[in-house]
Amino acid sequence: MVMDMEILCPVKNKIELPDGYVFKPLFHLVNAVKLEYEGHPNEAASIVQNALQYIAERNWMPITPIYNIVNYEPKSKEELEKYAMSIYIGVSENIL
């Protein structure tokens, strides 16, 4: 399976980015599935699969890439279990 994913990094001020990256001053998403994860980063990939399964079971249609937002980045090995992230996937409002 091929997935499109964007990683969003919150910043306080506008920053210059290298080619291939885009600064988004505002992020607005409606009709999205949101999953949150807290635990070891190596196990975080499973929430993407859970989100896609949840969407498929309801016959919804994803219309955005997968947005991955890191809510807490551990500062040391001892904090790895505190890693926290959110996944958002926009779905169509149309019911067919």
# chains A, B, ... in the order shown; residues from 1 in each chain; ligands from 1

$ select_by_dssp --residues "chain A" --states "alpha helix (DSSP H)" --output "JSON, numbers by chain"
{"A": [45, 46, 47, 48, 49, 50, 51, 52, 53, 54, 55, 56, 57]}

$ select_by_dssp --residues "chain A" --states "strand (DSSP E or B)" --output "ChimeraX atom specification"
/A:5-8,32-38,62-72,84-91

$ write_last_selection --atoms "N, CA and C atoms" --output "mmCIF file, in the first residue's frame"
data_model
loop_
_atom_site.group_PDB
_atom_site.id
_atom_site.type_symbol
_atom_site.label_atom_id
_atom_site.label_comp_id
_atom_site.auth_asym_id
_atom_site.auth_seq_id
_atom_site.Cartn_x
_atom_site.Cartn_y
_atom_site.Cartn_z
ATOM 1 N N MET A 5 1.956 11.133 3.129
ATOM 2 C CA MET A 5 1.995 11.611 4.501
ATOM 3 C C MET A 5 2.699 12.955 4.564
ATOM 4 N N GLU A 6 2.171 13.849 5.386
ATOM 5 C CA GLU A 6 2.821 15.119 5.672
ATOM 6 C C GLU A 6 3.124 15.150 7.151
ATOM 7 N N ILE A 7 4.283 15.661 7.499
ATOM 8 C CA ILE A 7 4.650 15.820 8.896
ATOM 9 C C ILE A 7 4.626 17.307 9.195
ATOM 10 N N LEU A 8 3.826 17.690 10.176
ATOM 11 C CA LEU A 8 3.685 19.086 10.543
ATOM 12 C C LEU A 8 4.474 19.359 11.815
ATOM 13 N N ALA A 32 -12.389 15.187 9.623
ATOM 14 C CA ALA A 32 -11.195 14.357 9.711
ATOM 15 C C ALA A 32 -11.324 13.324 10.809
ATOM 16 N N VAL A 33 -10.669 12.204 10.583
ATOM 17 C CA VAL A 33 -10.500 11.192 11.611
ATOM 18 C C VAL A 33 -9.229 11.559 12.360
ATOM 19 N N LYS A 34 -9.305 11.539 13.683
ATOM 20 C CA LYS A 34 -8.142 11.873 14.506
ATOM 21 C C LYS A 34 -7.868 10.708 15.453
ATOM 22 N N LEU A 35 -6.621 10.280 15.489
ATOM 23 C CA LEU A 35 -6.184 9.285 16.456
ATOM 24 C C LEU A 35 -4.997 9.849 17.211
ATOM 25 N N GLU A 36 -4.937 9.585 18.498
ATOM 26 C CA GLU A 36 -3.820 10.034 19.310
ATOM 27 C C GLU A 36 -3.061 8.823 19.834
ATOM 28 N N TYR A 37 -1.752 8.986 19.964
ATOM 29 C CA TYR A 37 -0.889 7.903 20.434
ATOM 30 C C TYR A 37 0.088 8.443 21.447
ATOM 31 N N GLU A 38 0.294 7.684 22.516
ATOM 32 C CA GLU A 38 1.354 7.976 23.477
ATOM 33 C C GLU A 38 2.046 6.664 23.813
ATOM 34 N N PRO A 62 -10.962 8.675 2.139
ATOM 35 C CA PRO A 62 -9.923 9.641 2.515
ATOM 36 C C PRO A 62 -9.700 10.634 1.371
ATOM 37 N N ILE A 63 -9.561 11.910 1.716
ATOM 38 C CA ILE A 63 -9.364 12.931 0.679
ATOM 39 C C ILE A 63 -8.135 13.797 0.941
ATOM 40 N N THR A 64 -7.382 13.484 1.997
ATOM 41 C CA THR A 64 -6.162 14.242 2.295
ATOM 42 C C THR A 64 -5.027 13.256 2.539
ATOM 43 N N PRO A 65 -3.803 13.771 2.533
ATOM 44 C CA PRO A 65 -2.714 12.909 3.004
ATOM 45 C C PRO A 65 -2.896 12.658 4.500
ATOM 46 N N ILE A 66 -2.077 11.822 5.047
ATOM 47 C CA ILE A 66 -2.080 11.584 6.488
ATOM 48 C C ILE A 66 -1.234 12.685 7.121
ATOM 49 N N TYR A 67 -1.820 13.405 8.065
ATOM 50 C CA TYR A 67 -1.094 14.454 8.773
ATOM 51 C C TYR A 67 -0.636 13.907 10.114
ATOM 52 N N ASN A 68 0.653 13.979 10.357
ATOM 53 C CA ASN A 68 1.275 13.451 11.566
ATOM 54 C C ASN A 68 1.800 14.630 12.373
ATOM 55 N N ILE A 69 1.280 14.827 13.576
ATOM 56 C CA ILE A 69 1.713 15.936 14.412
ATOM 57 C C ILE A 69 2.324 15.367 15.696
ATOM 58 N N VAL A 70 3.587 15.693 15.927
ATOM 59 C CA VAL A 70 4.264 15.246 17.140
ATOM 60 C C VAL A 70 3.895 16.203 18.264
ATOM 61 N N ASN A 71 3.239 15.675 19.300
ATOM 62 C CA ASN A 71 2.817 16.493 20.436
ATOM 63 C C ASN A 71 3.874 16.549 21.535
ATOM 64 N N TYR A 72 4.653 15.484 21.648
ATOM 65 C CA TYR A 72 5.750 15.477 22.626
ATOM 66 C C TYR A 72 6.896 14.641 22.090
ATOM 67 N N ALA A 84 4.442 11.362 22.160
ATOM 68 C CA ALA A 84 3.016 11.539 21.877
ATOM 69 C C ALA A 84 2.839 12.161 20.499
ATOM 70 N N MET A 85 1.864 11.649 19.755
ATOM 71 C CA MET A 85 1.584 12.166 18.420
ATOM 72 C C MET A 85 0.096 12.055 18.122
ATOM 73 N N SER A 86 -0.331 12.839 17.140
ATOM 74 C CA SER A 86 -1.700 12.775 16.633
ATOM 75 C C SER A 86 -1.648 12.540 15.135
ATOM 76 N N ILE A 87 -2.609 11.790 14.637
ATOM 77 C CA ILE A 87 -2.754 11.518 13.204
ATOM 78 C C ILE A 87 -4.114 12.064 12.777
ATOM 79 N N TYR A 88 -4.126 12.799 11.679
ATOM 80 C CA TYR A 88 -5.375 13.304 11.113
ATOM 81 C C TYR A 88 -5.469 12.842 9.659
ATOM 82 N N ILE A 89 -6.657 12.384 9.267
ATOM 83 C CA ILE A 89 -6.925 12.028 7.873
ATOM 84 C C ILE A 89 -8.277 12.640 7.501
ATOM 85 N N GLY A 90 -8.277 13.561 6.542
ATOM 86 C CA GLY A 90 -9.528 14.165 6.098
ATOM 87 C C GLY A 90 -10.325 13.172 5.283
ATOM 88 N N VAL A 91 -11.642 13.150 5.516
ATOM 89 C CA VAL A 91 -12.530 12.258 4.770
ATOM 90 C C VAL A 91 -13.632 13.077 4.099
#

$ atom_distance --atom1 "atom CA of A:Lys77" --atom2 "atom CA of A:Glu43"
15.0 Å

$ residues_around --residues "A:Phe23" --least-positions-apart "3" --cutoff "12 Å" --atoms "only C-alpha atoms" --output "MDAnalysis selection string"
chainID A and resid 7:20 26:27
